[in-house]
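Data file: entry-v1.txt. Format and content: compact mmCIF, C-alpha atoms.
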# COMPACT_ATOMS: atom_id res chain seq x y z
CA MET A 1 13.05 15.67 13.22
CA VAL A 2 13.50 14.11 9.76
CA LYS A 3 16.34 11.76 8.74
CA THR A 4 17.10 10.14 5.39
CA GLU A 5 19.26 7.28 4.18
CA TYR A 6 19.54 5.33 0.94
CA ILE A 7 20.34 1.62 0.74
CA VAL A 8 21.86 0.36 -2.51
CA MET A 9 20.75 -3.10 -3.66
CA ASN A 10 22.44 -5.15 -6.36
CA THR A 11 21.09 -8.69 -6.39
CA GLU A 12 22.78 -11.61 -8.15
CA LYS A 13 19.45 -13.07 -9.22
CA ARG A 14 16.97 -11.32 -11.45
CA LYS A 15 14.10 -12.10 -9.04
CA CYS A 16 14.50 -12.58 -5.30
CA LEU A 17 13.60 -11.39 -1.82
CA VAL A 18 16.17 -9.77 0.50
CA HIS A 19 15.72 -9.40 4.27
CA ILE A 20 16.30 -5.74 5.27
CA THR A 21 14.83 -5.45 8.78
CA ASP A 22 18.30 -5.01 10.26
CA ASN A 23 19.14 -2.17 7.87
CA VAL A 24 15.97 -0.32 8.84
CA ARG A 25 16.54 -0.97 12.56
CA ASP A 26 20.13 0.32 12.42
CA PHE A 27 19.00 3.43 10.58
CA VAL A 28 16.25 4.17 13.11
CA ARG A 29 18.66 3.70 16.04
CA SER A 30 21.17 6.07 14.52
CA SER A 31 18.45 8.61 13.69
CA GLY A 32 17.79 9.31 17.36
CA ILE A 33 14.03 9.33 16.73
CA LYS A 34 12.10 7.82 19.66
CA GLU A 35 8.50 8.22 18.49
CA GLY A 36 7.41 8.45 14.87
CA MET A 37 7.41 6.56 11.59
CA VAL A 38 9.91 5.38 9.01
CA LEU A 39 9.06 5.14 5.32
CA VAL A 40 10.78 2.28 3.44
CA SER A 41 10.26 2.77 -0.30
CA ALA A 42 11.77 1.04 -3.37
CA MET A 43 12.88 3.84 -5.74
CA HIS A 44 13.00 1.65 -8.86
CA ILE A 45 9.82 0.70 -10.63
CA THR A 46 10.46 -3.03 -10.87
CA ALA A 47 10.93 -3.63 -7.13
CA GLY A 48 8.73 -3.46 -4.02
CA ILE A 49 8.74 -3.76 -0.22
CA ILE A 50 6.86 -6.43 1.77
CA VAL A 51 6.26 -6.84 5.52
CA ASN A 52 5.51 -10.50 6.17
CA ASP A 53 7.02 -13.72 7.57
CA TYR A 54 10.76 -14.38 7.18
CA GLU A 55 10.33 -18.08 6.33
CA ALA A 56 11.95 -19.82 3.37
CA GLY A 57 8.87 -21.82 2.35
CA LEU A 58 6.66 -18.72 2.33
CA TRP A 59 9.26 -16.79 0.36
CA SER A 60 9.17 -19.36 -2.43
CA ASP A 61 5.35 -19.41 -2.24
CA ILE A 62 5.27 -15.62 -2.71
CA MET A 63 7.53 -15.70 -5.76
CA GLU A 64 5.65 -18.61 -7.39
CA TRP A 65 2.30 -17.02 -6.70
CA LEU A 66 3.40 -13.68 -8.19
CA GLU A 67 4.40 -15.55 -11.36
CA LYS A 68 0.75 -16.61 -11.66
CA VAL A 69 -0.85 -13.27 -10.77
CA ALA A 70 1.48 -11.16 -12.94
CA PRO A 71 3.25 -13.58 -15.32
CA GLU A 72 6.11 -12.97 -17.69
CA GLY A 73 4.73 -12.47 -21.19
CA ASP A 74 4.35 -10.24 -24.22
CA TYR A 75 3.67 -6.75 -22.97
CA ALA A 76 3.13 -3.53 -24.94
CA HIS A 77 5.88 -2.07 -22.73
CA HIS A 78 8.36 -4.36 -24.50
CA GLN A 79 8.10 -2.25 -27.66
CA THR A 80 10.46 0.16 -25.86
CA GLY A 81 13.14 -2.57 -25.89
CA GLU A 82 12.49 -3.62 -22.28
CA ASP A 83 11.49 -7.18 -21.35
CA ASN A 84 10.38 -6.58 -17.76
CA GLY A 85 6.67 -5.78 -18.09
CA ASP A 86 5.80 -8.42 -15.51
CA ALA A 87 8.19 -6.83 -13.00
CA HIS A 88 6.27 -3.52 -13.16
CA LEU A 89 3.01 -5.38 -12.47
CA LYS A 90 4.50 -7.43 -9.62
CA ARG A 91 5.59 -4.16 -7.95
CA ILE A 92 1.97 -2.97 -8.14
CA VAL A 93 0.64 -6.18 -6.52
CA VAL A 94 3.01 -6.13 -3.55
CA HIS A 95 3.13 -2.30 -3.33
CA HIS A 96 6.43 -0.47 -3.39
CA GLN A 97 6.56 0.90 0.13
CA VAL A 98 5.66 0.45 3.77
CA ILE A 99 5.57 2.65 6.86
CA VAL A 100 7.04 1.12 10.01
CA PRO A 101 5.99 2.75 13.29
CA ILE A 102 8.75 3.74 15.74
CA THR A 103 7.96 3.40 19.47
CA LYS A 104 10.45 3.98 22.31
CA GLY A 105 13.26 4.20 19.77
CA ALA A 106 12.58 0.77 18.22
CA LEU A 107 10.72 -0.57 15.19
CA ASP A 108 7.21 -1.37 16.44
CA LEU A 109 6.68 -4.55 14.42
CA GLY A 110 4.35 -7.44 15.26
CA PRO A 111 5.92 -10.68 16.57
CA TRP A 112 6.51 -12.14 13.10
CA GLU A 113 6.64 -9.02 10.96
CA ARG A 114 9.89 -8.65 9.05
CA ILE A 115 10.73 -6.25 6.21
CA PHE A 116 11.93 -7.50 2.81
CA TYR A 117 12.95 -5.96 -0.43
CA ALA A 118 11.27 -7.66 -3.41
CA GLU A 119 13.42 -7.56 -6.54
CA PHE A 120 11.75 -8.45 -9.84
CA ASP A 121 14.41 -7.26 -12.31
CA GLY A 122 17.75 -7.20 -10.53
CA ARG A 123 21.42 -7.67 -11.34
CA ARG A 124 21.97 -3.92 -11.33
CA SER A 125 22.27 -1.13 -8.82
CA LYS A 126 19.01 0.12 -7.31
CA ARG A 127 18.11 2.23 -4.30
CA ILE A 128 15.71 2.06 -1.37
CA ILE A 129 14.94 5.27 0.50
CA LEU A 130 14.55 5.23 4.29
CA LYS A 131 12.94 8.39 5.65
CA ALA A 132 12.22 8.67 9.37
CA MET A 133 10.11 11.40 10.94
CA GLY A 134 9.24 12.04 14.56
CA GLU A 135 10.54 13.23 17.91
CA MET B 1 3.14 15.24 18.66
CA VAL B 2 3.01 11.44 18.34
CA LYS B 3 0.38 9.17 19.94
CA THR B 4 0.05 5.38 19.88
CA GLU B 5 -2.69 2.89 20.62
CA TYR B 6 -3.16 -0.83 20.01
CA ILE B 7 -6.50 -2.46 19.18
CA VAL B 8 -6.84 -6.17 19.99
CA MET B 9 -8.90 -8.22 17.50
CA ASN B 10 -10.18 -11.72 18.14
CA THR B 11 -12.65 -12.73 15.45
CA GLU B 12 -15.02 -15.69 15.74
CA LYS B 13 -14.61 -16.56 12.08
CA ARG B 14 -11.35 -17.56 10.49
CA LYS B 15 -11.87 -15.10 7.61
CA CYS B 16 -13.90 -11.90 7.85
CA LEU B 17 -13.92 -8.12 7.62
CA VAL B 18 -14.43 -5.89 10.67
CA HIS B 19 -15.43 -2.21 10.52
CA ILE B 20 -12.96 -0.13 12.58
CA THR B 21 -13.56 3.46 11.43
CA ASP B 22 -15.06 4.37 14.82
CA ASN B 23 -12.05 2.99 16.70
CA VAL B 24 -9.69 5.10 14.59
CA ARG B 25 -11.92 8.19 14.93
CA ASP B 26 -12.10 7.87 18.73
CA PHE B 27 -8.34 7.46 18.95
CA VAL B 28 -7.70 10.54 16.82
CA ARG B 29 -10.14 12.65 18.88
CA SER B 30 -8.48 11.62 22.11
CA SER B 31 -5.00 12.23 20.65
CA GLY B 32 -5.61 15.98 20.43
CA ILE B 33 -3.95 16.08 17.01
CA LYS B 34 -5.65 18.60 14.71
CA GLU B 35 -3.51 18.31 11.56
CA GLY B 36 -1.50 15.26 10.59
CA MET B 37 -1.80 11.59 9.70
CA VAL B 38 -2.70 8.36 11.45
CA LEU B 39 -1.15 5.04 10.49
CA VAL B 40 -3.44 1.99 10.83
CA SER B 41 -1.38 -1.18 10.47
CA ALA B 42 -2.17 -4.88 11.05
CA MET B 43 0.69 -6.28 13.17
CA HIS B 44 0.02 -9.92 12.33
CA ILE B 45 1.09 -11.31 8.99
CA THR B 46 -2.19 -12.96 8.01
CA ALA B 47 -4.31 -9.80 8.26
CA GLY B 48 -4.58 -6.49 6.42
CA ILE B 49 -6.32 -3.10 6.39
CA ILE B 50 -8.66 -1.86 3.62
CA VAL B 51 -10.25 1.55 3.00
CA ASN B 52 -13.31 1.00 0.81
CA ASP B 53 -17.12 0.90 0.89
CA TYR B 54 -18.92 -0.37 4.01
CA GLU B 55 -21.52 -2.37 2.07
CA ALA B 56 -22.43 -6.01 2.76
CA GLY B 57 -22.57 -7.08 -0.90
CA LEU B 58 -19.15 -5.62 -1.63
CA TRP B 59 -17.72 -7.22 1.49
CA SER B 60 -18.74 -10.68 0.29
CA ASP B 61 -17.43 -9.81 -3.21
CA ILE B 62 -14.02 -8.90 -1.73
CA MET B 63 -13.73 -12.15 0.22
CA GLU B 64 -14.85 -14.32 -2.73
CA TRP B 65 -12.52 -12.52 -5.12
CA LEU B 66 -9.55 -12.93 -2.76
CA GLU B 67 -10.24 -16.67 -2.70
CA LYS B 68 -9.66 -16.64 -6.48
CA VAL B 69 -6.61 -14.37 -6.52
CA ALA B 70 -4.85 -16.05 -3.58
CA PRO B 71 -6.60 -19.40 -3.04
CA GLU B 72 -6.22 -21.89 -0.23
CA GLY B 73 -3.91 -24.69 -1.36
CA ASP B 74 -0.72 -26.63 -0.86
CA TYR B 75 1.98 -24.15 0.01
CA ALA B 76 5.65 -24.73 0.83
CA HIS B 77 5.00 -22.68 3.98
CA HIS B 78 2.84 -25.57 5.25
CA GLN B 79 5.96 -27.69 5.81
CA THR B 80 6.40 -25.62 8.99
CA GLY B 81 3.13 -27.10 10.30
CA GLU B 82 1.06 -24.02 9.36
CA ASP B 83 -1.92 -24.23 6.99
CA ASN B 84 -2.42 -20.53 6.30
CA GLY B 85 -0.23 -19.86 3.25
CA ASP B 86 -3.15 -18.25 1.42
CA ALA B 87 -3.69 -15.82 4.32
CA HIS B 88 -0.13 -14.46 3.94
CA LEU B 89 -0.74 -13.89 0.22
CA LYS B 90 -4.13 -12.24 0.79
CA ARG B 91 -2.45 -9.77 3.19
CA ILE B 92 -0.03 -8.88 0.39
CA VAL B 93 -2.87 -8.26 -2.13
CA VAL B 94 -4.89 -5.94 0.12
CA HIS B 95 -1.79 -4.43 1.82
CA HIS B 96 -1.45 -4.45 5.57
CA GLN B 97 -1.74 -0.76 6.34
CA VAL B 98 -3.21 2.60 5.42
CA ILE B 99 -2.54 6.20 6.32
CA VAL B 100 -5.61 8.31 7.09
CA PRO B 101 -5.14 12.09 6.89
CA ILE B 102 -6.30 14.18 9.88
CA THR B 103 -7.74 17.63 9.09
CA LYS B 104 -9.30 20.00 11.67
CA GLY B 105 -9.16 17.22 14.25
CA ALA B 106 -11.18 14.73 12.19
CA LEU B 107 -10.43 11.81 9.86
CA ASP B 108 -10.29 13.33 6.37
CA LEU B 109 -11.98 10.44 4.52
CA GLY B 110 -13.88 10.65 1.23
CA PRO B 111 -17.69 10.43 1.34
CA TRP B 112 -17.77 6.62 1.21
CA GLU B 113 -14.36 5.72 2.57
CA ARG B 114 -14.51 3.50 5.64
CA ILE B 115 -11.68 1.57 7.32
CA PHE B 116 -11.84 -2.20 7.80
CA TYR B 117 -9.66 -4.84 9.30
CA ALA B 118 -9.30 -7.86 7.00
CA GLU B 119 -8.77 -11.09 8.93
CA PHE B 120 -7.60 -14.13 6.97
CA ASP B 121 -6.64 -16.47 9.82
CA GLY B 122 -8.52 -15.39 12.94
CA ARG B 123 -9.97 -16.98 16.07
CA ARG B 124 -7.03 -15.79 18.13
CA SER B 125 -5.78 -12.55 19.59
CA LYS B 126 -4.11 -10.12 17.18
CA ARG B 127 -3.18 -6.46 17.30
CA ILE B 128 -3.58 -3.40 15.10
CA ILE B 129 -1.33 -0.41 15.78
CA LEU B 130 -2.70 3.13 15.49
CA LYS B 131 0.02 5.76 15.37
CA ALA B 132 -0.94 9.42 14.91
CA MET B 133 1.54 12.19 14.16
CA GLY B 134 0.97 15.90 13.72
CA GLU B 135 0.18 19.15 15.45
CA MET C 1 4.32 21.91 9.59
CA VAL C 2 1.30 20.31 7.89
CA LYS C 3 -0.28 21.46 4.60
CA THR C 4 -3.31 20.14 2.73
CA GLU C 5 -4.69 20.45 -0.77
CA TYR C 6 -7.40 18.67 -2.76
CA ILE C 7 -7.20 17.96 -6.49
CA VAL C 8 -10.50 17.46 -8.32
CA MET C 9 -10.48 14.84 -11.09
CA ASN C 10 -13.22 14.43 -13.69
CA THR C 11 -12.08 12.05 -16.42
CA GLU C 12 -13.80 11.72 -19.81
CA LYS C 13 -13.24 7.97 -19.88
CA ARG C 14 -14.69 5.57 -17.34
CA LYS C 15 -11.28 3.87 -16.86
CA CYS C 16 -7.93 5.60 -17.39
CA LEU C 17 -4.64 6.69 -15.84
CA VAL C 18 -3.79 10.38 -15.32
CA HIS C 19 -0.26 11.71 -14.72
CA ILE C 20 -0.24 13.88 -11.57
CA THR C 21 3.46 14.19 -10.63
CA ASP C 22 3.44 17.89 -11.56
CA ASN C 23 0.42 18.58 -9.33
CA VAL C 24 2.15 16.96 -6.37
CA ARG C 25 5.44 18.76 -7.11
CA ASP C 26 3.74 22.17 -7.32
CA PHE C 27 1.92 21.55 -4.07
CA VAL C 28 5.11 20.54 -2.25
CA ARG C 29 6.97 23.61 -3.56
CA SER C 30 4.21 25.94 -2.41
CA SER C 31 4.02 24.18 0.98
CA GLY C 32 7.48 25.40 1.98
CA ILE C 33 8.30 21.98 3.45
CA LYS C 34 11.95 21.04 2.89
CA GLU C 35 12.15 17.67 4.65
CA GLY C 36 9.23 15.32 5.19
CA MET C 37 6.60 13.29 3.38
CA VAL C 38 3.53 13.93 1.26
CA LEU C 39 0.54 11.60 1.28
CA VAL C 40 -1.30 11.28 -2.05
CA SER C 41 -4.60 9.47 -1.50
CA ALA C 42 -7.64 8.85 -3.74
CA MET C 43 -10.71 9.79 -1.67
CA HIS C 44 -13.20 7.85 -3.79
CA ILE C 45 -13.46 4.11 -3.46
CA THR C 46 -13.24 3.23 -7.15
CA ALA C 47 -9.89 4.96 -7.78
CA GLY C 48 -6.27 4.45 -6.72
CA ILE C 49 -2.77 5.94 -6.89
CA ILE C 50 0.23 4.25 -8.56
CA VAL C 51 3.94 5.16 -8.62
CA ASN C 52 5.48 3.52 -11.67
CA ASP C 53 6.78 4.24 -15.19
CA TYR C 54 5.14 7.00 -17.28
CA GLU C 55 5.20 4.99 -20.52
CA ALA C 56 2.21 4.53 -22.83
CA GLY C 57 2.81 0.81 -23.49
CA LEU C 58 3.04 0.02 -19.78
CA TRP C 59 -0.06 2.08 -19.06
CA SER C 60 -2.11 -0.06 -21.46
CA ASP C 61 -0.49 -3.20 -19.99
CA ILE C 62 -1.58 -2.15 -16.49
CA MET C 63 -5.18 -1.54 -17.52
CA GLU C 64 -5.43 -4.82 -19.51
CA TRP C 65 -3.86 -6.79 -16.71
CA LEU C 66 -6.23 -5.31 -14.10
CA GLU C 67 -9.15 -6.43 -16.28
CA LYS C 68 -7.85 -10.00 -15.84
CA VAL C 69 -7.06 -9.80 -12.11
CA ALA C 70 -10.29 -8.00 -11.14
CA PRO C 71 -12.66 -8.37 -14.11
CA GLU C 72 -16.00 -6.72 -14.74
CA GLY C 73 -18.78 -9.16 -13.82
CA ASP C 74 -21.79 -9.95 -11.70
CA TYR C 75 -21.04 -8.79 -8.18
CA ALA C 76 -23.22 -8.91 -5.06
CA HIS C 77 -22.50 -5.18 -4.75
CA HIS C 78 -24.63 -4.63 -7.87
CA GLN C 79 -27.79 -5.41 -5.89
CA THR C 80 -27.45 -1.84 -4.58
CA GLY C 81 -28.00 -0.56 -8.12
CA GLU C 82 -24.26 0.01 -8.76
CA ASP C 83 -22.41 -1.69 -11.63
CA ASN C 84 -18.84 -0.93 -10.55
CA GLY C 85 -17.89 -3.91 -8.34
CA ASP C 86 -14.75 -4.49 -10.39
CA ALA C 87 -13.63 -0.89 -9.79
CA HIS C 88 -13.67 -1.41 -6.00
CA LEU C 89 -11.48 -4.52 -6.41
CA LYS C 90 -9.07 -2.80 -8.80
CA ARG C 91 -8.56 -0.05 -6.21
CA ILE C 92 -7.60 -2.74 -3.69
CA VAL C 93 -5.04 -4.32 -6.07
CA VAL C 94 -3.22 -1.07 -6.90
CA HIS C 95 -3.77 0.45 -3.40
CA HIS C 96 -5.39 3.83 -3.03
CA GLN C 97 -2.48 5.87 -1.74
CA VAL C 98 1.25 6.48 -1.72
CA ILE C 99 3.68 8.45 0.41
CA VAL C 100 6.29 10.45 -1.50
CA PRO C 101 9.36 11.49 0.49
CA ILE C 102 10.38 15.19 0.36
CA THR C 103 14.12 15.93 0.46
CA LYS C 104 15.68 19.41 0.08
CA GLY C 105 12.28 20.80 -0.90
CA ALA C 106 11.74 18.39 -3.81
CA LEU C 107 9.93 15.09 -4.39
CA ASP C 108 12.52 12.38 -3.72
CA LEU C 109 11.46 9.99 -6.48
CA GLY C 110 13.63 7.38 -8.20
CA PRO C 111 14.82 8.10 -11.76
CA TRP C 112 11.69 6.66 -13.40
CA GLU C 113 9.15 6.96 -10.65
CA ARG C 114 6.11 9.04 -11.62
CA ILE C 115 2.78 9.40 -9.82
CA PHE C 116 -0.51 8.57 -11.51
CA TYR C 117 -4.14 8.62 -10.58
CA ALA C 118 -5.91 5.38 -11.55
CA GLU C 119 -9.57 5.93 -12.37
CA PHE C 120 -11.80 2.85 -12.61
CA ASP C 121 -15.26 4.49 -12.62
CA GLY C 122 -14.88 8.05 -13.83
CA ARG C 123 -16.90 10.64 -15.72
CA ARG C 124 -17.81 12.41 -12.50
CA SER C 125 -16.11 14.67 -10.01
CA LYS C 126 -13.75 12.99 -7.53
CA ARG C 127 -11.06 14.23 -5.17
CA ILE C 128 -7.47 13.35 -4.32
CA ILE C 129 -6.06 14.60 -1.00
CA LEU C 130 -2.46 15.82 -0.80
CA LYS C 131 -1.21 16.14 2.76
CA ALA C 132 2.40 17.17 3.39
CA MET C 133 4.10 16.99 6.77
CA GLY C 134 7.61 17.99 7.77
CA GLU C 135 9.96 20.89 8.44

Is it possible to give me this structure as structure tokens?
Amino acid sequence: MVKTEYIVMNTEKRKCLVHITDNVRDFVRSSGIKEGMVLVSAMHITAGIIVNDYEAGLWSDIMEWLEKVAPEGDYAHHQTGEDNGDAHLKRIVVHHQVIVPITKGALDLGPWERIFYAEFDGRRSKRIILKAMGE
Amino acid sequence: MVKTEYIVMNTEKRKCLVHITDNVRDFVRSSGIKEGMVLVSAMHITAGIIVNDYEAGLWSDIMEWLEKVAPEGDYAHHQTGEDNGDAHLKRIVVHHQVIVPITKGALDLGPWERIFYAEFDGRRSKRIILKAMGE
Amino acid sequence: MVKTEYIVMNTEKRKCLVHITDNVRDFVRSSGIKEGMVLVSAMHITAGIIVNDYEAGLWSDIMEWLEKVAPEGDYAHHQTGEDNGDAHLKRIVVHHQVIVPITKGALDLGPWERIFYAEFDGRRSKRIILKAMGE
């Protein structure tokens, strides 16, 4: 059995994290899949998906740290008229997708694992694909 | 067909790599799945999974390099009483999961690909989920 | 249904990106799978897979930036006779694999998402595994 859903994101801030565990959980429940996996993948190339701690301090640490690892700056990509070169690199660092295992009809996450969408060039409509597969 | 197993890790060192290819291979053999994929995912948010070379020099290179990319330090997350902010960031760099393809009943790894668990805040009990899906 | 194919890469340059979306698309079409996922995974430990923008400026940005994050240098791994320690680390940063969702028989990529192979120690024969699973 394979089920698909798209979530539309449109963040007020250019860069931010958004908690989406509940969206993924609701989708998996409605899918009827009891055993399998769900892919959560950011379809736009300046956004990613992270599974980590849902804690405000850590969230600001992540965003500050990414500014050091993949800073804003003068990128060759900007010759196209864009100014978001750093956002493409930040997506590469955090990776753009995760697989969440489904066991007994529920997300099989560790005790502190939560799913977030990482937006690095927001303020416009973007999609996340959820694709669940299993029995 | 979907099969699940959990491996419990409890490392003596706070930070280290542990070779787990044999654990994943044994699980896949016992699963009876001949064609498919197995997800290997660290369920705790200060650990990750890497597929790379099982070579002592490289292992020390990886750990030293991660100390530069995501160093120990003063993180906002530490206001919760934790002192492992760097471990959360290291998990993001290496990613917390891999998918290993299963072909003819065996792990379909490249000639030098081996699977390791990357612990960044150990000395306590943590789980890895193995979830295999296929025919 | 599960289908497998291997792509052989042999790049002229030691480090480069190669566009492989068409290879993955052709494979998925020939697989007959209408709904599911395809794993695209670099089987050699000094190469990775990226899903991002197919734009020349960004491609040079990515390669320059990786040289900063995981530079060439003196690595313990080089005591084995190798000189590619940086290539192993670059593979970890970009991750070595992606899952592309398959919807209605096509790759379900975002508007700008394209798949590339990231070679960090080329000029010899290496493989990518494509493994599709679904209905």

Counting all atoms listed in the file, a student should be able to say which residues of chain B come within 9 Å of chain C; what is the right answer, written as an mmCIF file with C-alpha atoms, in the frame of the given file?
data_model
loop_
_atom_site.group_PDB
_atom_site.id
_atom_site.type_symbol
_atom_site.label_atom_id
_atom_site.label_comp_id
_atom_site.auth_asym_id
_atom_site.auth_seq_id
_atom_site.Cartn_x
_atom_site.Cartn_y
_atom_site.Cartn_z
ATOM 1 C CA GLU B 35 -3.510 18.310 11.560
ATOM 2 C CA GLY B 36 -1.500 15.260 10.590
ATOM 3 C CA MET B 37 -1.800 11.590 9.700
ATOM 4 C CA ILE B 50 -8.660 -1.860 3.620
ATOM 5 C CA VAL B 51 -10.250 1.550 3.000
ATOM 6 C CA ASN B 52 -13.310 1.000 0.810
ATOM 7 C CA ASP B 53 -17.120 0.900 0.890
ATOM 8 C CA GLU B 55 -21.520 -2.370 2.070
ATOM 9 C CA ALA B 56 -22.430 -6.010 2.760
ATOM 10 C CA GLY B 57 -22.570 -7.080 -0.900
ATOM 11 C CA LEU B 58 -19.150 -5.620 -1.630
ATOM 12 C CA TRP B 59 -17.720 -7.220 1.490
ATOM 13 C CA SER B 60 -18.740 -10.680 0.290
ATOM 14 C CA ASP B 61 -17.430 -9.810 -3.210
ATOM 15 C CA ILE B 62 -14.020 -8.900 -1.730
ATOM 16 C CA TRP B 65 -12.520 -12.520 -5.120
ATOM 17 C CA VAL B 69 -6.610 -14.370 -6.520
ATOM 18 C CA VAL B 93 -2.870 -8.260 -2.130
ATOM 19 C CA VAL B 94 -4.890 -5.940 0.120
ATOM 20 C CA HIS B 95 -1.790 -4.430 1.820
ATOM 21 C CA VAL B 98 -3.210 2.600 5.420
ATOM 22 C CA ILE B 99 -2.540 6.200 6.320
ATOM 23 C CA VAL B 100 -5.610 8.310 7.090
ATOM 24 C CA PRO B 101 -5.140 12.090 6.890
ATOM 25 C CA ILE B 102 -6.300 14.180 9.880
ATOM 26 C CA THR B 103 -7.740 17.630 9.090
ATOM 27 C CA ASP B 108 -10.290 13.330 6.370
ATOM 28 C CA LEU B 109 -11.980 10.440 4.520
ATOM 29 C CA GLY B 110 -13.880 10.650 1.230
ATOM 30 C CA PRO B 111 -17.690 10.430 1.340
ATOM 31 C CA TRP B 112 -17.770 6.620 1.210
ATOM 32 C CA GLU B 113 -14.360 5.720 2.570
ATOM 33 C CA GLY B 134 0.970 15.900 13.720
ATOM 34 C CA GLU B 135 0.180 19.150 15.450
#

Inset, instruction - State, in Å with one decimal place, the distance from atom CA of Gly73 of chain A to atom CA of Cys16 of chain C. - result: 22.4 Å

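Using only C-alpha atoms, the shortest contact distance between Gly122 of chain C and any of C:Met63, C:Ala87, C:Ile7, C:Val24 is found at C:Ala87.
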
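For the pair atom CA of Lys15 of chain C and atom CA of Arg123 of chain C, the separation is 8.9 Å.
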
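Our summary of the geometry notes that atom CA of Ser125 of chain C is positioned 5.7 Å from atom CA of Met9 of chain C.
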
Padding 4 Å on every side, please: axis-aligned box over the listed atoms of segment 38-43 of chain C, centre and edge lengths to one decimal in Å, as JSON.
{"center_x": -3.6, "center_y": 11.4, "center_z": -1.2, "size_x": 22.2, "size_y": 13.1, "size_z": 13.0}

Any chance you could model N, CA, C and O atoms for segment 60-72 of chain B and send them as a short mmCIF file (atom, residue, chain, number, x, y, z; two decimals), keeping the file's coordinate frame?
data_model
loop_
_atom_site.label_atom_id
_atom_site.label_comp_id
_atom_site.auth_asym_id
_atom_site.auth_seq_id
_atom_site.Cartn_x
_atom_site.Cartn_y
_atom_site.Cartn_z
N SER B 60 -18.79 -9.27 0.70
CA SER B 60 -18.74 -10.68 0.29
C SER B 60 -18.02 -10.80 -1.06
O SER B 60 -17.30 -11.77 -1.30
N ASP B 61 -18.17 -9.80 -1.94
CA ASP B 61 -17.43 -9.81 -3.21
C ASP B 61 -15.92 -9.83 -2.96
O ASP B 61 -15.17 -10.55 -3.62
N ILE B 62 -15.46 -9.00 -2.02
CA ILE B 62 -14.02 -8.90 -1.73
C ILE B 62 -13.50 -10.26 -1.26
O ILE B 62 -12.47 -10.74 -1.73
N MET B 63 -14.21 -10.89 -0.33
CA MET B 63 -13.73 -12.15 0.22
C MET B 63 -13.75 -13.27 -0.82
O MET B 63 -12.83 -14.09 -0.89
N GLU B 64 -14.79 -13.30 -1.66
CA GLU B 64 -14.85 -14.32 -2.73
C GLU B 64 -13.75 -14.11 -3.76
O GLU B 64 -13.13 -15.06 -4.23
N TRP B 65 -13.53 -12.86 -4.11
CA TRP B 65 -12.52 -12.52 -5.12
C TRP B 65 -11.12 -12.87 -4.60
O TRP B 65 -10.30 -13.43 -5.34
N LEU B 66 -10.86 -12.60 -3.33
CA LEU B 66 -9.55 -12.93 -2.76
C LEU B 66 -9.31 -14.43 -2.78
O LEU B 66 -8.17 -14.88 -2.93
N GLU B 67 -10.37 -15.22 -2.65
CA GLU B 67 -10.24 -16.67 -2.70
C GLU B 67 -9.77 -17.11 -4.09
O GLU B 67 -9.09 -18.13 -4.23
N LYS B 68 -10.12 -16.32 -5.12
CA LYS B 68 -9.66 -16.64 -6.48
C LYS B 68 -8.22 -16.17 -6.71
O LYS B 68 -7.42 -16.86 -7.31
N VAL B 69 -7.93 -14.96 -6.26
CA VAL B 69 -6.61 -14.37 -6.52
C VAL B 69 -5.52 -15.06 -5.70
O VAL B 69 -4.41 -15.27 -6.19
N ALA B 70 -5.84 -15.42 -4.48
CA ALA B 70 -4.85 -16.05 -3.58
C ALA B 70 -5.53 -17.21 -2.86
O ALA B 70 -5.86 -17.12 -1.67
N PRO B 71 -5.77 -18.31 -3.57
CA PRO B 71 -6.60 -19.40 -3.04
C PRO B 71 -5.92 -20.21 -1.93
O PRO B 71 -4.70 -20.24 -1.83
N GLU B 72 -6.75 -20.87 -1.14
CA GLU B 72 -6.22 -21.89 -0.23
C GLU B 72 -5.57 -22.97 -1.08
O GLU B 72 -5.95 -23.19 -2.23
#
